[in-house]
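To start, the structure itself, in structure tokens.
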Amino acid sequence: MEAEPSNPGSLARRYWPASLTGWVRSATGLTKSSQLDRRGFVGLLVGGHLAASALRAAVTLIHRPYLQNVRADGATVLWATRENLEASVTYSADGADPVTVPVRARSLSPDQTGVPFTFYQYRAELPGLAPGKEYSYRVTVGSDVITSESRHRFKTPTPGRFSFLALGDSGDGSAPQQLLAQRMAEERPDLALHVGDIAYEDATFEQFQAYYFEYYASLMARVPFFTAPGNHEYFTPRAAPYLALITAPAGEVPAVDQGRYYSFDWGDAHFVSLDSNLLDNAAASQRMLTWLEADLQATTARWRIAFFHHLPYPLTHHVRDPLCRAAREMFLPILERYGVQLVLTGHEHSYQRSKLVRANEVVATGPGTLHVVTGGGGARLNLVAPHDLVAKSVSAFHYLRVEVTNATLTVRAIGTDGKEIDRAMLANPVLSSERAFVNAASFSSAVAPGSLVTIFGEGLANDTATAQVTPLPRDLSGTTVTLNDVAVPLVYVSPGQINAQVPAGITGASVLRITTASGEASLKVEISETAPAIFASGVRRTNGTIIDAANPARAGETLLIYLTGLGRVDAELASGAPAPAAPPLRALSPVDVRFADTAVTPTFAGLAPGLVGVYQVIVDVPPNLPEGTHALRIVAGGASSTPVSLPVRAR
């Protein structure tokens with residue numbers, strides 16, 4: 001197909017249906033209307049306002065006011081009426097300092113739209129907005145205010161947490177579409193995405209109104225919809241109604257392709273909308289791919305999200321679709337090269353969630369992309385089938401609720417009953433600058449080679465996992481950790497915490513790096529020669545019972561003290577491997593035990609047999625130690641542990 005828009009005048013409809021079945025808005029919501037004749041189309045578009053209009057010659061609304069292209073410093077409001085009147089939009093933050101913008105209309109005639117009358121489209125640009133603020137807006141046409149103060153409010157983007165909805169293949173007027181639209185209207189997202197096939201069957205002006213604007217009007221009044229054209233949008237030549245009714249960010253898109261693809265930022269995310277219909281046109285696809293490469297190369301956003309219509313990995317209905325293959329072969333190499341973590345598509349009428357994928361293969365470690373097909377927006381469902389790259393697929397009507405933070409992106413599929421069908425989370429690690437890398441026993445900043453450490457942050461893993469084997473793995477739940485590019489053995493990972501062992505031989509200034517499939521974070525850390533720290537409940541009798549206030553130690557008794565941080569030992573042992581029992585491995589640094597002011601040389605100080613990264617000190621309580629509670633410390637290589645309380649009773 002040609003990429004260049006044609007003269008809209010060539011889009012006159014070849015036919016007009018003798019009757020229409022539409023939706024009209026009643027006091028109780030959307031209800032199915034009776035058959036409407038050709039003249040009744042106005043009633044359908046007005047959405048219940050026609051009777052009042054006839055009585056008092058009020059404004060006849062065609063499209064109610066809807067938001068487009070909301071950004072940190074501006075927004076666009078569009079609407080359409082039967083009459084060409086003076087109009088304005090007044091907007092303000094918190095009701096203070098209102099600004100009024102006059103608006104002019106452009107006429108859309110029957111030979112342009114196929115609708116049997118001329119109507120007028122208004123487009124208002126709201127400049128001078130501030131990020132992260134809520135604005136109300138009031139639309140006046142002639143003498144009528146056509147908006148309500150409570151419903152017509154929106155918020156501009158700002159860095160930090162936000163949420164969005166996504167859907168596709170919705171616009172055919174089905175009962176499931178109505179149910180999903182009602183569910184979506186109850187949500188409080190910051191924006192919404194549509195991945196195409198917005199208005200079946202031919203995406204005409206008439207069908208856009210009946211199956212898109214009428215269904216989502218209440219949400220569109222307060223939430224901007226960002227869309228990608230589906231194949232049905234091109235059933236009307238060159239997607240002219242789509243381009244006329246949608247206002248997209250211009251950016252650096254070539255003039256001939258304006259509105260067909262674009263990008264925008266929201267919070268810490270960069271969104272790219274692509275037109276996969278252009279992939280069978282050599283000149284248009286080359287322009288789009290060149291733009292895409294430059295656009296992604298320029299972004300520094302933590303999250304990168306692409307959405308378009310034709311799914312790269314079809315399961316059933318479109319396995320032979322050449323545009324699906326083209327999306328896989330032409331889009332994905334660029335998206336993967338620039339670290340796009342989430343791809344949203346439609347085209348197949350089902351819900352599909354992939355495994356993490358790169359170069360058409362499942363990835364266990366390193367960068368990967370999550371593909372989610374959200375084609376269950378209302379059109380008749382397709383069957384699903386197994387696929388090696390797909391983690392879950394369901395033939396179900398749904399939309400997506402996506403929550404984005406600095407460190408995590410959570411995708412939920414929501415069904416017509418409002419219940420969650422599926423959930424997936426992506427992690428993009430964030431390490432706090434303070435106390436992110438600490439001793440696992442004391443949570444102090446002093447750590448030593450061979451010792452156990454705890455790493456705190458956000459988005460450190462997609463899931464929670466514990467090592468089940470030794471030697472300890474270097475990858476858990478898709479998360480890897482390195483110190484100076486040396487892989488770190490992992491004990492436990494979760495979105496907020498990692499427990500690991502510092503590899504032997506690493507000391508001094510070092511670089512810690514956490515890598516997930518969706519991103520990485522690094523931090524400069526210091527590794528000491530020794531950093532002794534006693535574990536909680538780490539002081540025990542030789543029979544394993546814990547020494548505490550209820551079971552105090554006895555003077556002269558032998559104690560086993562479990563700790564970490566004694567540093568190097570007298571034989572090589574691979575990191576992540578359990579310590580042998582014979583011969584036991586002894587610490588090279590001198591170690592003594594302090595009972596208050598009394599220093600005692602232990603009978604053994606070294607690695608605890610059978611454990612990883614845990615040391616053991618065997619020592620006798622001084623026989624003359626008086627009854628009471630004493631401060632117990634371990635000193636290794638001149639470094640002292642934090643004291644723990646040791647209750648002692650006389651023999």
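In the structure tokens, chains take letters A, B, ... by order of appearance, with residues numbered from 1 within each chain and ligands from 1 in the order shown.
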
Determine, for each residue of range 421-483 of chain A having at least one atom at most 8 Å from an atom of range 532-551 of chain A, the closest pair of atoms and their separation in Å to one decimal, counting only C-alpha atoms; order by chain and ascending number, as JSON lines.
```
{"residue": "A:Asn439", "atom": "CA", "partner": "A:Ala533", "partner_atom": "CA", "distance": 7.5}
{"residue": "A:Ala441", "atom": "CA", "partner": "A:Phe535", "partner_atom": "CA", "distance": 4.6}
{"residue": "A:Ser442", "atom": "CA", "partner": "A:Ala533", "partner_atom": "CA", "distance": 5.7}
```

Save out the residues we just selected, N, CA and C atoms, as a JSON list (two decimals), in the first residue's frame.
```json
[["chain", "number", "residue", "atom", "x", "y", "z"],
["A", 439, "ASN", "N", 26.72, -6.33, 54.84],
["A", 439, "ASN", "CA", 27.04, -7.62, 55.45],
["A", 439, "ASN", "C", 25.74, -8.34, 55.80],
["A", 441, "ALA", "N", 25.09, -10.63, 57.92],
["A", 441, "ALA", "CA", 24.86, -10.93, 59.34],
["A", 441, "ALA", "C", 24.53, -9.69, 60.14],
["A", 442, "SER", "N", 25.19, -8.56, 59.85],
["A", 442, "SER", "CA", 25.04, -7.36, 60.67],
["A", 442, "SER", "C", 24.36, -6.20, 59.96]]
```

How close does range 244-276 of chain A get to range 108-130 of chain A? List, as CSV, each residue of range 244-276 of chain A within 10 Å, its nearest atom pair and the distance in Å to one decimal, counting only C-alpha atoms.
```
residue,atom,partner,partner_atom,distance
A:Ala244,CA,A:Gln121,CA,9.3
A:Leu245,CA,A:Gln121,CA,8.8
A:Thr247,CA,A:Arg123,CA,9.1
```

Write out the residues from the selection above, keeping C-alpha atoms, as a compact mmCIF listing (two decimals), in the first residue's frame.
```txt
# COMPACT_ATOMS: atom_id res chain seq x y z
CA ALA A 244 -8.49 12.90 10.69
CA LEU A 245 -9.78 11.95 14.13
CA THR A 247 -3.97 13.76 16.92
```

Distance query Ala248 in chain A at most 8 Å, only C-alpha atoms, self and fewer than 6 positions along chain excluded, as a ChimeraX atom specification: /A:68-69,226,258-259,262

Backbone DSSP call of strand (DSSP E or B) for range 390-559 of chain A, listed as a ChimeraX atom specification: /A:390-394,398-404,408-415,420-427,430-431,437-439,452-458,465-466,476,479-483,486-487,490-493,497-501,508-516,519-527,533-541,546,548,551,553-554,558-559

Spatial neighbours of Asp275 in chain A, max dist 7 Å, only C-alpha atoms, sep filter under 5 positions, as a PDB file with C-alpha atoms, in the first residue's frame:
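That gives us part28.pdb:
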```pdb
ATOM      1  CA  ALA A 228      -1.694   2.555  16.494  1.00  0.00           C
ATOM      2  CA  PRO A 229      -3.601   1.801  13.275  1.00  0.00           C
ATOM      3  CA  ARG A 260       0.914   7.004  11.314  1.00  0.00           C
ATOM      4  CA  TYR A 261       3.771   6.441  13.766  1.00  0.00           C
ATOM      5  CA  PHE A 308       1.680  -1.776  16.975  1.00  0.00           C
TER       6      PHE A 308
END
```

Spatial neighbours of range 469-483 of chain A, max dist 8 Å, only C-alpha atoms, sep filter under 3 positions, as a ChimeraX atom specification: /A:364-366,460-466,486-493,502-503,506,510-517,575-578

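Take the candidates A:Ala255, A:Ala210, A:Leu180, A:Ala587 and check each one against Ile414 in chain A using only C-alpha atoms; the shortest distance goes to A:Leu180.
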
For range 136-151 of chain A: contacts at 7 Å, only C-alpha atoms, fewer than 5 positions along chain excluded, given as a list of chain:residue names: A:Val59, A:Leu85, A:Glu86, A:Ala87, A:Ser88, A:Val89, A:Thr90, A:Tyr91, A:Ser92, A:Ala93, A:Ala221, A:Arg222

Produce a file of the selected residues containing C-alpha atoms, as a compact mmCIF listing (two decimals), in the first residue's frame.
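Saved file part_27.txt follows:
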```
# COMPACT_ATOMS: atom_id res chain seq x y z
CA VAL A 59 -25.39 22.50 19.92
CA LEU A 85 -20.11 28.33 15.95
CA GLU A 86 -17.61 30.34 17.91
CA ALA A 87 -15.94 28.12 20.49
CA SER A 88 -13.35 28.22 23.25
CA VAL A 89 -11.67 26.07 25.89
CA THR A 90 -11.01 27.42 29.38
CA TYR A 91 -8.56 25.47 31.52
CA SER A 92 -6.85 25.87 34.87
CA ALA A 93 -4.98 24.01 37.58
CA ALA A 221 -12.76 13.01 28.44
CA ARG A 222 -10.13 12.62 31.18
```

Test item: residues at most 8 Å from range 309-325 of chain A, only C-alpha atoms, excluding those fewer than 6 positions along its chain, as a PyMOL selection string: chain A and resi 195-197+228-231+275-277+279-280+345-348+373+382-387

Any chance you could tabulate, as JSON lines, the residues of range 595-636 of chain A at most 10 Å from range 445-453 of chain A with each one's nearest atom pair and distance in Å to one decimal, using only C-alpha atoms, in chain and rising number order?
```
{"residue": "A:Leu607", "atom": "CA", "partner": "A:Gly450", "partner_atom": "CA", "distance": 9.5}
{"residue": "A:Val612", "atom": "CA", "partner": "A:Leu452", "partner_atom": "CA", "distance": 8.2}
{"residue": "A:Gly613", "atom": "CA", "partner": "A:Ser451", "partner_atom": "CA", "distance": 4.8}
{"residue": "A:Val614", "atom": "CA", "partner": "A:Ser451", "partner_atom": "CA", "distance": 6.8}
{"residue": "A:Tyr615", "atom": "CA", "partner": "A:Ser451", "partner_atom": "CA", "distance": 8.4}
```

Shortest interatomic distance to Glu186 in chain A - which of A:Gln286, A:Ser218, A:Thr558, A:Gln209, counting only C-alpha atoms: A:Ser218

Nearest residue to Leu332 in chain A from the set A:Gly457, A:Gly368, A:Pro626, A:Gly508 (distances using only C-alpha atoms): A:Gly368

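Among A:Gly375, A:Pro237, A:Pro65, A:Pro602, the residue with the shortest atom-to-atom distance to Asp169 in chain A, counting only C-alpha atoms, is A:Gly375.
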
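Nearest to Asp620 in chain A of all the residues A:Arg554, A:Arg633, A:Arg568, A:His371 is A:Arg554, based on only C-alpha atoms.
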
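Here CA of Ala283 in chain A is placed at a distance of 22.8 Å from CA of Glu336 in chain A.
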
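Every residue of range 96-183 of chain A with a DSSP assignment of alpha helix (DSSP H), taken from the backbone, is listed as Pro110, Asp111, Gln112, Thr113, Ala175, Pro176, Gln177, Gln178, Leu179, Leu180, Ala181, Gln182 and Arg183 of chain A.
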
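You can rank A:Leu559, A:Ala298, A:Val99, A:Val621 by their closest distance to Ala605 in chain A using only C-alpha atoms, and at the top of that list sits A:Leu559.
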